[in-house]
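Participant: Got final.csv for you, CSV, C-alpha atoms:
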chain,number,residue,atom,x,y,z
W,24,MET,CA,28.5,-2.8,-2.9
W,25,ALA,CA,28.1,-2.5,-6.7
W,26,GLU,CA,26.1,-5.7,-6.7
W,27,LEU,CA,23.7,-4.2,-4.1
W,28,TRP,CA,23.0,-1.3,-6.4
W,29,LEU,CA,22.5,-3.6,-9.4
W,30,LEU,CA,20.0,-5.5,-7.2
W,31,LEU,CA,18.2,-2.3,-6.4
W,32,ALA,CA,18.0,-1.4,-10.1
W,33,LEU,CA,16.6,-4.8,-11.0
W,34,CYS,CA,14.0,-4.7,-8.2
W,35,GLY,CA,13.0,-1.2,-9.3
W,36,LEU,CA,12.6,-2.4,-12.9
W,37,ALA,CA,10.6,-5.5,-11.8
W,38,THR,CA,8.3,-3.3,-9.9
W,39,TYR,CA,7.9,-0.8,-12.7
W,40,ALA,CA,7.2,-3.6,-15.2
W,41,PHE,CA,3.9,-4.2,-13.4
W,42,ARG,CA,3.0,-0.5,-13.2
W,43,GLY,CA,3.8,0.1,-16.9
W,44,LEU,CA,2.0,-3.1,-18.0
W,45,GLY,CA,-1.1,-1.8,-16.1
W,46,VAL,CA,-1.0,1.5,-18.1
W,47,LEU,CA,-0.4,-0.4,-21.4
W,48,LEU,CA,-3.4,-2.7,-20.8
W,49,SER,CA,-5.7,-0.1,-19.4
W,50,GLY,CA,-5.9,1.7,-22.8
W,51,GLY,CA,-8.1,-1.0,-24.3
W,52,LEU,CA,-10.4,-1.3,-21.2
W,53,ARG,CA,-13.7,0.5,-20.7
W,54,ALA,CA,-14.6,1.4,-17.2
W,55,GLU,CA,-18.0,-0.3,-17.5
W,56,SER,CA,-16.7,-3.6,-18.8
W,57,GLU,CA,-16.9,-6.9,-17.0
W,58,VAL,CA,-13.1,-7.3,-17.2
W,59,PHE,CA,-12.7,-4.0,-15.4
W,60,ALA,CA,-15.1,-5.2,-12.7
W,61,TRP,CA,-13.1,-8.4,-12.3
W,62,VAL,CA,-9.7,-6.6,-12.1
W,63,SER,CA,-11.1,-4.2,-9.6
W,64,CYS,CA,-12.3,-7.1,-7.4
W,65,VAL,CA,-8.9,-8.7,-7.6
W,66,ALA,CA,-7.1,-5.4,-6.7
W,67,TYR,CA,-9.4,-4.9,-3.6
W,68,ALA,CA,-9.1,-8.6,-2.6
W,69,MET,CA,-5.3,-8.5,-2.8
W,70,ILE,CA,-5.0,-5.5,-0.5
W,71,ALA,CA,-7.6,-6.8,2.0
W,72,GLY,CA,-5.7,-10.1,2.0
W,73,LEU,CA,-2.4,-8.4,2.6
W,74,ILE,CA,-3.7,-6.4,5.5
W,75,THR,CA,-5.5,-9.3,7.3
W,76,ARG,CA,-2.3,-11.4,6.7
W,77,MET,CA,-0.2,-8.7,8.3
W,78,LEU,CA,-2.5,-8.6,11.3
W,79,LEU,CA,-3.0,-12.4,11.7
W,80,MET,CA,0.5,-13.6,10.6
W,81,PRO,CA,2.9,-10.7,10.9
W,82,THR,CA,6.6,-10.6,10.0
W,83,GLY,CA,9.3,-8.1,11.0
W,84,ALA,CA,8.8,-5.7,13.9
W,85,LEU,CA,5.1,-6.4,14.0
W,86,ALA,CA,5.8,-10.0,14.8
W,87,GLU,CA,7.2,-8.9,18.2
W,88,THR,CA,3.6,-8.0,19.2
W,89,THR,CA,1.0,-10.7,20.3
W,90,THR,CA,-2.2,-11.4,18.5
W,91,LEU,CA,-4.2,-10.0,21.5
W,92,GLU,CA,-2.2,-6.8,21.3
W,93,ARG,CA,-2.9,-6.4,17.6
W,94,ALA,CA,-6.6,-7.3,18.1
W,95,LEU,CA,-7.0,-4.7,20.9
W,96,GLY,CA,-5.1,-2.1,18.8
W,97,THR,CA,-7.3,-2.8,15.8
W,98,GLY,CA,-10.4,-2.4,18.1
W,99,ALA,CA,-9.1,0.9,19.4
W,100,ALA,CA,-8.4,2.2,15.8
W,101,LEU,CA,-11.9,1.1,14.6
W,102,GLY,CA,-13.6,2.6,17.7
W,103,ALA,CA,-11.8,5.9,17.4
W,104,TYR,CA,-12.4,6.1,13.6
W,105,PHE,CA,-16.1,5.0,13.5
W,106,ALA,CA,-17.5,5.7,17.0
W,107,LEU,CA,-15.6,8.5,18.7
W,108,THR,CA,-14.8,10.7,15.7
W,109,ARG,CA,-16.6,11.1,12.3
W,110,LYS,CA,-14.2,9.0,10.3
W,111,ASN,CA,-11.1,11.0,11.4
W,112,LEU,CA,-8.2,8.9,9.9
W,113,PHE,CA,-5.6,10.6,12.0
W,114,ALA,CA,-7.4,9.8,15.3
W,115,GLY,CA,-8.1,6.2,14.2
W,116,VAL,CA,-4.5,5.4,13.2
W,117,PHE,CA,-2.9,7.0,16.2
W,118,ALA,CA,-5.4,5.4,18.6
W,119,GLY,CA,-4.3,2.0,17.2
W,120,ALA,CA,-0.6,2.8,17.4
W,121,VAL,CA,-0.8,4.2,20.9
W,122,ALA,CA,-2.9,1.3,22.2
W,123,VAL,CA,-0.4,-1.2,20.9
W,124,TRP,CA,2.5,0.8,22.3
W,125,LEU,CA,0.8,1.1,25.8
W,126,LEU,CA,0.0,-2.6,25.8
W,127,ARG,CA,3.6,-3.4,25.0
W,128,VAL,CA,4.9,-1.0,27.7
W,129,ALA,CA,2.4,-2.6,30.2
W,130,ALA,CA,3.6,-6.1,29.3
W,131,SER,CA,7.3,-5.4,29.5
I,22,MET,CA,-2.3,20.9,-16.3
I,23,SER,CA,-4.4,22.7,-13.6
I,24,ARG,CA,-2.3,24.3,-10.9
I,25,ALA,CA,-5.3,24.6,-8.6
I,26,ALA,CA,-5.9,20.8,-8.8
I,27,LEU,CA,-2.2,20.1,-8.3
I,28,ALA,CA,-2.1,22.2,-5.2
I,29,GLN,CA,-5.4,20.7,-4.0
I,30,GLY,CA,-3.9,17.2,-4.3
I,31,ALA,CA,-0.7,18.2,-2.5
I,32,ARG,CA,-2.7,19.8,0.3
I,33,GLU,CA,-4.8,16.7,0.8
I,34,ALA,CA,-1.7,14.5,1.0
I,35,ALA,CA,0.1,16.9,3.4
I,36,GLY,CA,-2.0,15.8,6.4
I,37,VAL,CA,-2.7,12.3,7.6
I,38,PRO,CA,-1.5,10.4,4.5
I,39,ALA,CA,2.0,11.9,4.6
I,40,ALA,CA,2.2,11.6,8.4
I,41,VAL,CA,1.2,7.9,8.4
I,42,LEU,CA,3.5,7.1,5.4
I,43,ALA,CA,6.3,8.9,7.2
I,44,ALA,CA,5.8,6.7,10.3
I,45,GLY,CA,6.1,3.5,8.2
I,46,TYR,CA,9.1,4.8,6.2
I,47,MET,CA,10.9,5.9,9.4
I,48,GLY,CA,10.5,2.3,10.6
I,49,PHE,CA,12.0,1.2,7.3
I,50,GLY,CA,14.9,3.6,7.4
I,51,ALA,CA,15.7,2.4,10.9
I,52,LEU,CA,15.7,-1.2,9.7
I,53,ALA,CA,18.0,-0.4,6.8
I,54,ALA,CA,20.4,1.3,9.2
I,55,GLY,CA,20.3,-1.7,11.5
I,56,ASN,CA,21.2,-4.0,8.6
I,57,GLY,CA,24.2,-1.9,7.7
I,58,LEU,CA,23.1,-0.5,4.4
I,59,PRO,CA,24.2,3.0,3.3
I,60,LEU,CA,21.8,5.9,3.9
I,61,ALA,CA,21.7,6.7,0.1
I,62,TYR,CA,20.7,3.1,-0.6
I,63,ALA,CA,17.7,3.3,1.8
I,64,VAL,CA,16.5,6.6,0.3
I,65,ALA,CA,17.1,5.4,-3.3
I,66,SER,CA,15.0,2.3,-2.7
I,67,THR,CA,12.1,4.5,-1.6
I,68,LEU,CA,12.4,6.6,-4.7
I,69,THR,CA,12.8,3.7,-7.2
I,70,ILE,CA,10.7,0.8,-5.8
I,71,TRP,CA,8.2,3.0,-3.9
I,72,ALA,CA,6.4,0.1,-2.3
I,73,LEU,CA,7.1,-0.6,1.3
I,74,PRO,CA,6.5,-4.4,1.3
I,75,GLY,CA,8.9,-4.9,-1.6
I,76,GLN,CA,11.5,-2.6,0.0
I,77,LEU,CA,11.3,-4.6,3.3
I,78,MET,CA,11.9,-7.8,1.4
I,79,LEU,CA,14.8,-6.4,-0.5
I,80,VAL,CA,16.6,-5.1,2.6
I,81,GLU,CA,16.0,-8.3,4.6
I,82,ALA,CA,17.0,-10.7,1.8
I,83,ALA,CA,20.1,-8.6,0.7
I,84,THR,CA,21.4,-8.7,4.3
I,85,LEU,CA,20.8,-12.4,4.5
I,86,GLY,CA,22.7,-12.9,1.2
I,87,ALA,CA,19.8,-14.6,-0.6
I,88,PRO,CA,20.4,-15.4,-4.3
I,89,PHE,CA,20.0,-12.5,-6.7
I,90,VAL,CA,17.2,-14.2,-8.7
I,91,ALA,CA,15.3,-15.2,-5.6
I,92,ILE,CA,15.3,-11.6,-4.3
I,93,VAL,CA,14.2,-10.0,-7.6
I,94,LEU,CA,11.4,-12.6,-8.0
I,95,THR,CA,10.1,-12.0,-4.5
I,96,VAL,CA,10.1,-8.2,-4.9
I,97,ALA,CA,8.4,-8.6,-8.4
I,98,LEU,CA,5.8,-10.9,-6.9
I,99,SER,CA,5.1,-8.5,-4.0
I,100,SER,CA,4.7,-5.7,-6.7
I,101,ALA,CA,2.3,-7.7,-8.9
I,102,ARG,CA,-0.6,-5.9,-7.2
I,103,PHE,CA,0.4,-2.8,-9.1
I,104,LEU,CA,-0.9,-4.3,-12.3
I,105,PRO,CA,-4.6,-4.4,-11.3
I,106,MET,CA,-4.1,-1.2,-9.4
I,107,THR,CA,-2.9,0.9,-12.4
I,108,LEU,CA,-5.3,-1.0,-14.6
I,109,VAL,CA,-8.2,0.3,-12.5
I,110,LEU,CA,-6.9,3.8,-11.8
I,111,MET,CA,-5.7,4.9,-15.3
I,112,PRO,CA,-9.1,4.9,-17.0
I,113,LEU,CA,-10.4,7.3,-14.3
I,114,MET,CA,-7.6,9.8,-15.1
I,115,ARG,CA,-7.6,9.5,-18.9
I,116,HIS,CA,-8.4,12.7,-20.8
I,117,ALA,CA,-7.8,13.6,-24.5
I,118,ARG,CA,-5.7,16.7,-23.3
I,119,HIS,CA,-3.0,14.6,-21.6
I,120,ARG,CA,0.0,13.1,-23.6
I,121,GLY,CA,0.6,9.4,-23.3
I,122,TRP,CA,3.8,9.6,-21.2
I,123,HIS,CA,1.9,11.2,-18.3
I,124,TYR,CA,0.2,7.9,-17.5
I,125,TYR,CA,3.6,6.1,-17.4
I,126,LEU,CA,5.0,8.8,-15.0
I,127,ALA,CA,1.8,8.6,-12.9
I,128,ALA,CA,2.3,4.8,-12.7
I,129,GLN,CA,5.7,5.3,-11.1
I,130,LEU,CA,4.3,7.7,-8.5
I,131,LEU,CA,1.5,5.2,-7.7
I,132,ALA,CA,1.6,3.4,-4.4
I,133,LEU,CA,-1.1,1.9,-2.1
I,134,THR,CA,-1.8,5.2,-0.2
I,135,GLY,CA,-2.2,7.3,-3.4
I,136,TRP,CA,-4.3,4.6,-5.0
I,137,THR,CA,-6.8,4.2,-2.2
I,138,ALA,CA,-7.1,8.0,-1.9
I,139,ALA,CA,-7.5,8.5,-5.6
I,140,MET,CA,-10.1,5.7,-5.9
I,141,VAL,CA,-12.2,7.6,-3.3
I,142,ARG,CA,-11.6,11.2,-4.5
I,143,LEU,CA,-11.3,11.0,-8.3
I,144,PRO,CA,-15.0,10.4,-9.0
I,145,ASP,CA,-15.8,13.8,-7.3
I,146,ILE,CA,-13.1,15.7,-9.3
I,147,GLU,CA,-13.6,17.0,-12.9
I,148,ARG,CA,-12.1,14.5,-15.3
I,149,ALA,CA,-9.6,17.0,-16.9
I,150,GLU,CA,-8.2,17.9,-13.4
I,151,ARG,CA,-7.8,14.4,-12.0
I,152,LEU,CA,-4.2,13.8,-13.3
I,153,ALA,CA,-3.0,17.1,-11.8
I,154,TRP,CA,-4.7,16.2,-8.5
I,155,PHE,CA,-3.0,12.8,-8.5
I,156,TYR,CA,0.5,14.4,-9.3
I,157,GLY,CA,0.1,16.7,-6.4
I,158,PHE,CA,-1.0,14.0,-4.0
I,159,ALA,CA,1.5,11.4,-5.0
I,160,THR,CA,4.5,13.7,-5.1
I,161,VAL,CA,3.9,14.9,-1.6
I,162,CYS,CA,3.6,11.3,-0.4
I,163,LEU,CA,6.8,10.2,-2.2
I,164,GLY,CA,8.7,13.3,-0.9
I,165,ALA,CA,7.6,12.8,2.7
I,166,SER,CA,8.4,9.1,2.5
I,167,ALA,CA,11.9,9.8,1.2
I,168,LEU,CA,12.6,12.3,3.9
I,169,ALA,CA,11.2,10.0,6.5
I,170,THR,CA,13.4,7.2,5.3
I,171,ALA,CA,16.5,9.4,5.9
I,172,ALA,CA,15.1,10.6,9.3
I,173,GLY,CA,14.4,7.0,10.4
I,174,TYR,CA,17.9,6.0,9.4
I,175,LEU,CA,19.5,8.8,11.3
I,176,VAL,CA,17.4,8.3,14.5
I,177,ALA,CA,17.6,4.5,14.4
I,178,ASP,CA,19.4,4.3,17.7
I,179,LEU,CA,16.7,6.3,19.5
I,180,LEU,CA,13.9,4.0,18.5
I,181,THR,CA,13.3,1.3,21.0
I,182,PRO,CA,11.7,-2.0,19.9
I,183,LEU,CA,8.5,-1.0,21.8
I,184,ALA,CA,8.2,2.3,19.9
I,185,ARG,CA,9.0,0.6,16.6
I,186,ALA,CA,6.1,-1.9,17.0
I,187,GLY,CA,3.7,1.0,17.5
I,188,LEU,CA,5.1,2.8,14.4
I,189,VAL,CA,4.9,-0.3,12.2
I,190,PHE,CA,1.3,-1.0,13.4
I,191,MET,CA,0.2,2.4,11.9
I,192,ALA,CA,0.6,1.1,8.3
I,193,PRO,CA,-2.0,-1.8,8.4
I,194,MET,CA,-4.4,0.4,10.5
I,195,TYR,CA,-4.1,3.2,7.9
I,196,TYR,CA,-4.9,0.8,5.0
I,197,LEU,CA,-7.7,-1.0,7.1
I,198,LEU,CA,-9.5,2.3,8.0
I,199,ILE,CA,-9.2,3.9,4.6
I,200,LEU,CA,-10.6,0.8,2.8
I,201,LEU,CA,-13.4,0.3,5.3
I,202,GLY,CA,-14.3,4.0,5.2
I,203,ALA,CA,-14.3,4.0,1.4
I,204,ILE,CA,-16.9,1.2,1.0
I,205,ARG,CA,-19.5,2.8,-1.3
I,206,ASP,CA,-21.1,-0.2,-3.0
I,207,ARG,CA,-21.6,-3.9,-2.5
I,208,VAL,CA,-18.9,-4.8,-5.1
I,209,VAL,CA,-16.2,-3.3,-3.0
I,210,ALA,CA,-17.5,-4.7,0.3
I,211,VAL,CA,-17.7,-8.3,-1.2
I,212,ALA,CA,-14.2,-8.0,-2.7
I,213,LEU,CA,-12.7,-6.8,0.5
I,214,ALA,CA,-14.4,-9.6,2.5
I,215,CYS,CA,-13.4,-12.3,0.1
I,216,GLY,CA,-9.8,-11.0,0.0
I,217,ALA,CA,-9.6,-10.7,3.8
I,218,ILE,CA,-10.6,-14.4,4.1
I,219,LEU,CA,-8.6,-15.8,1.2
I,220,GLY,CA,-5.3,-13.8,1.8
I,221,PRO,CA,-4.4,-15.5,5.1
I,222,LEU,CA,-5.6,-18.9,3.9
I,223,ALA,CA,-3.3,-18.6,0.8
I,224,HIS,CA,-0.5,-17.6,3.1
I,225,LEU,CA,-0.9,-21.0,4.9
I,226,VAL,CA,-0.5,-22.8,1.6
I,227,THR,CA,2.2,-20.8,-0.1
I,228,PRO,CA,3.7,-17.7,1.7
I,229,GLN,CA,5.6,-16.5,-1.4
I,230,TRP,CA,2.6,-16.5,-3.6
I,231,SER,CA,0.0,-15.6,-1.0
I,232,VAL,CA,-0.7,-12.0,-2.1
I,233,LEU,CA,-1.1,-13.0,-5.7
I,234,ALA,CA,-3.0,-16.2,-5.2
I,235,GLY,CA,-5.3,-14.8,-2.4
I,236,GLY,CA,-6.1,-11.8,-4.6
I,237,LEU,CA,-6.9,-13.8,-7.7
I,238,ILE,CA,-9.0,-16.4,-6.0
I,239,GLY,CA,-10.7,-14.0,-3.6
I,240,GLY,CA,-11.3,-11.3,-6.3
I,241,THR,CA,-12.7,-13.9,-8.8
I,242,LEU,CA,-15.0,-15.3,-6.1
I,243,ALA,CA,-16.3,-11.8,-5.3
I,244,TRP,CA,-16.8,-11.0,-8.9
I,245,LEU,CA,-18.8,-14.3,-9.4
I,246,ILE,CA,-20.9,-13.6,-6.2
I,247,VAL,CA,-21.8,-10.0,-7.3
I,248,ARG,CA,-22.5,-11.1,-10.9
I,249,GLY,CA,-24.7,-14.0,-9.7
I,250,ALA,CA,-26.7,-11.6,-7.4
I,251,ARG,CA,-27.1,-9.1,-10.2
I,252,ARG,CA,-28.5,-11.8,-12.6
I,253,ARG,CA,-31.0,-13.0,-10.0
I,254,GLY,CA,-32.0,-9.5,-9.0
Take the structure I supplied and represent it as structure tokens, if you would.

Facilitator:
Amino acid sequence: MAELWLLLALCGLATYAFRGLGVLLSGGLRAESEVFAWVSCVAYAMIAGLITRMLLMPTGALAETTTLERALGTGAALGAYFALTRKNLFAGVFAGAVAVWLLRVAAS
Amino acid sequence: MSRAALAQGAREAAGVPAAVLAAGYMGFGALAAGNGLPLAYAVASTLTIWALPGQLMLVEAATLGAPFVAIVLTVALSSARFLPMTLVLMPLMRHARHRGWHYYLAAQLLALTGWTAAMVRLPDIERAERLAWFYGFATVCLGASALATAAGYLVADLLTPLARAGLVFMAPMYYLLILLGAIRDRVVAVALACGAILGPLAHLVTPQWSVLAGGLIGGTLAWLIVRGARRRG
């Protein structure tokens, strides 16, 4: 059990290392610089890549759903967010979740 | 530190962001319970790591008995995205009135939800008030997530696999919609598109390095495309 807590401490420190390093390096960076533009592109690309990967090649509980279910759920979320409401995040997210849940209930 | 800005940030987080985070962390709490970890451990991981992908990897790997070094490296790699995120966000919050340690505390409070919201909202907020707004927003997010971790752990037996899939699906939808809704200029649009294509491709080549590799290659590609277009235009 003590080993598990040590592991958590190390994982927390490893995560904070990247947060702290970001603060440290940001001091010498101007918001208009090309380096800033590049880093910003990398940050957005990382997150976009993580989300599409989660949707196309999921792990964990999401892996129990089919690609079609996730595609229809995404369509429901996008439709509710952009078409039905004026960018209501709550409506979009819940439309997606309910669509996936209903599709799973219908399939079981 | 402006109290009004702090309260404003807290109010903005207390709606959809906190609710959606709570859904994701309830799923995580349920997973930790299923894997036989103590309740305190699950909540402590939310407070210390404060990054859902890293926490999921820790809980899965620790249960499987993966080697120490392998688990720490995996979590570290999954958290590498915090470097460019803090790098981009901190200059937006800098102000001569704040002491240096504030930025290091804000960095610990930073997670994907707070970052995406801050990137959208901060330009509209007066510079001196931005840090206070972020403290309010991020603290509510973290508090709600810690409570949800405990709640998910305690109601784990009530969640069926069908309900859990719907809950987990809320996390990528939340990130997808907030990013698509936040597109203000061509740079962001190009970076998101490049990352969306390169991320899954990188996963096929090297799953452990996919987030880092896809982001670096996709982001650099986007930067080159935008720069090339600007030079020609």

Participant: At a cut-off of 6 Å, list the chain W residues touching chain I, using all atoms listed in the file, as a list in words.

Facilitator: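 That gives the following set of residues: Cys34, Gly35, Ala37, Thr38, Phe41, Arg42, Gly45, Ser49, Trp61, Val62, Cys64, Val65, Ala66, Tyr67, Ala68, Met69, Ala71, Gly72, Ile74, Thr75, Arg76, Ala84, Leu85, Phe113, Val116, Ala120, Val123 and Trp124 of chain W.
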
Participant: Applying 10 Å and only C-alpha atoms, which residues near I:Leu60 remain after dropping the ones on its own chain fewer than 4 positions away? List them as an NGL selection string.

Facilitator: :I and (50-51 or 53-54 or 64-65 or 170-175)

Participant: Based on the selection just made, write C-alpha atoms of those residues as an mmCIF file, in the coordinates of the input.

Facilitator:
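So the final result, stored in part-v9.cif, reads:
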data_model
loop_
_atom_site.group_PDB
_atom_site.id
_atom_site.type_symbol
_atom_site.label_atom_id
_atom_site.label_comp_id
_atom_site.auth_asym_id
_atom_site.auth_seq_id
_atom_site.Cartn_x
_atom_site.Cartn_y
_atom_site.Cartn_z
ATOM 1 C CA GLY I 50 14.900 3.600 7.400
ATOM 2 C CA ALA I 51 15.700 2.400 10.900
ATOM 3 C CA ALA I 53 18.000 -0.400 6.800
ATOM 4 C CA ALA I 54 20.400 1.300 9.200
ATOM 5 C CA VAL I 64 16.500 6.600 0.300
ATOM 6 C CA ALA I 65 17.100 5.400 -3.300
ATOM 7 C CA THR I 170 13.400 7.200 5.300
ATOM 8 C CA ALA I 171 16.500 9.400 5.900
ATOM 9 C CA ALA I 172 15.100 10.600 9.300
ATOM 10 C CA GLY I 173 14.400 7.000 10.400
ATOM 11 C CA TYR I 174 17.900 6.000 9.400
ATOM 12 C CA LEU I 175 19.500 8.800 11.300
#

Participant: Using all atoms listed in the file for the distances, tell me which of I:Ala28, I:Ala139, I:Gly157, I:Thr181 is nearest to W:Val128.

Facilitator: I:Thr181

Participant: Provide the atom CA of I:Leu73 to atom CA of I:Leu42 distance in Å, to one decimal place.

Facilitator: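 Calculated distance between atom CA of I:Leu73 and atom CA of I:Leu42 is 9.4 Å.
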
Participant: What residues have an atom no more than 10 Å from (-5.3, -2.6, 16.7) in the file's own frame, counting all atoms listed in the file, and can you write them as a PyMOL selection string?

Facilitator: (chain W and resi 78+90-102+115-123) or (chain I and resi 187+190-191+193-194)

Participant: For I:Gln29, please output as an MDAnalysis selection string all residues within 9 Å (counting all atoms listed in the file; exclusion window: fewer than 3 positions along the same chain).

Facilitator: chainID I and resid 24:26 32:34 153:154 157:158

Participant: Just how far from atom CA of I:Met47 is atom CA of I:Ala167, in Å to one decimal?

Facilitator: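 Straight-line distance from atom CA of I:Ala167 to atom CA of I:Met47 works out to 9.1 Å.
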
Participant: So, with all atoms listed in the file as the atoms that count, which of I:Leu143, I:Pro228, I:Ala82, I:Ala203 lies closest to W:Lys110?

Facilitator: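 That would be I:Ala203, the residue with the smallest distance to W:Lys110.
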
Participant: Can you work out which one of I:Leu163, I:Leu27, I:Ala91, I:Met114 has the shortest atom-to-atom distance to W:Gly50, counting all atoms listed in the file?

Facilitator: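 Looking at the shortest contact to W:Gly50, the residue is I:Met114.
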
Participant: Is it possible to get the axis-aligned box enclosing stretch 115-124 of chain I (all listed atoms, 8 Å extra per side) as AutoDock Vina command-line options, with centre and edge lengths in Å rounded to one decimal?

Facilitator:
--center_x -2.3 --center_y 12.3 --center_z -21.0 --size_x 28.2 --size_y 24.8 --size_z 23.0

Participant: To one decimal in Å, tell me the separation between atom CA of W:Met80 and atom CA of I:Thr227.

Facilitator: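 Atom-to-atom, atom CA of W:Met80 to atom CA of I:Thr227, that is 13.0 Å.
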
Participant: Have a look at W:Ser56, W:Thr82, W:Ser63, W:Thr88 and name the one nearest to W:Arg127; count only C-alpha atoms.

Facilitator: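 Of all the options, W:Thr88 lies closest to W:Arg127.
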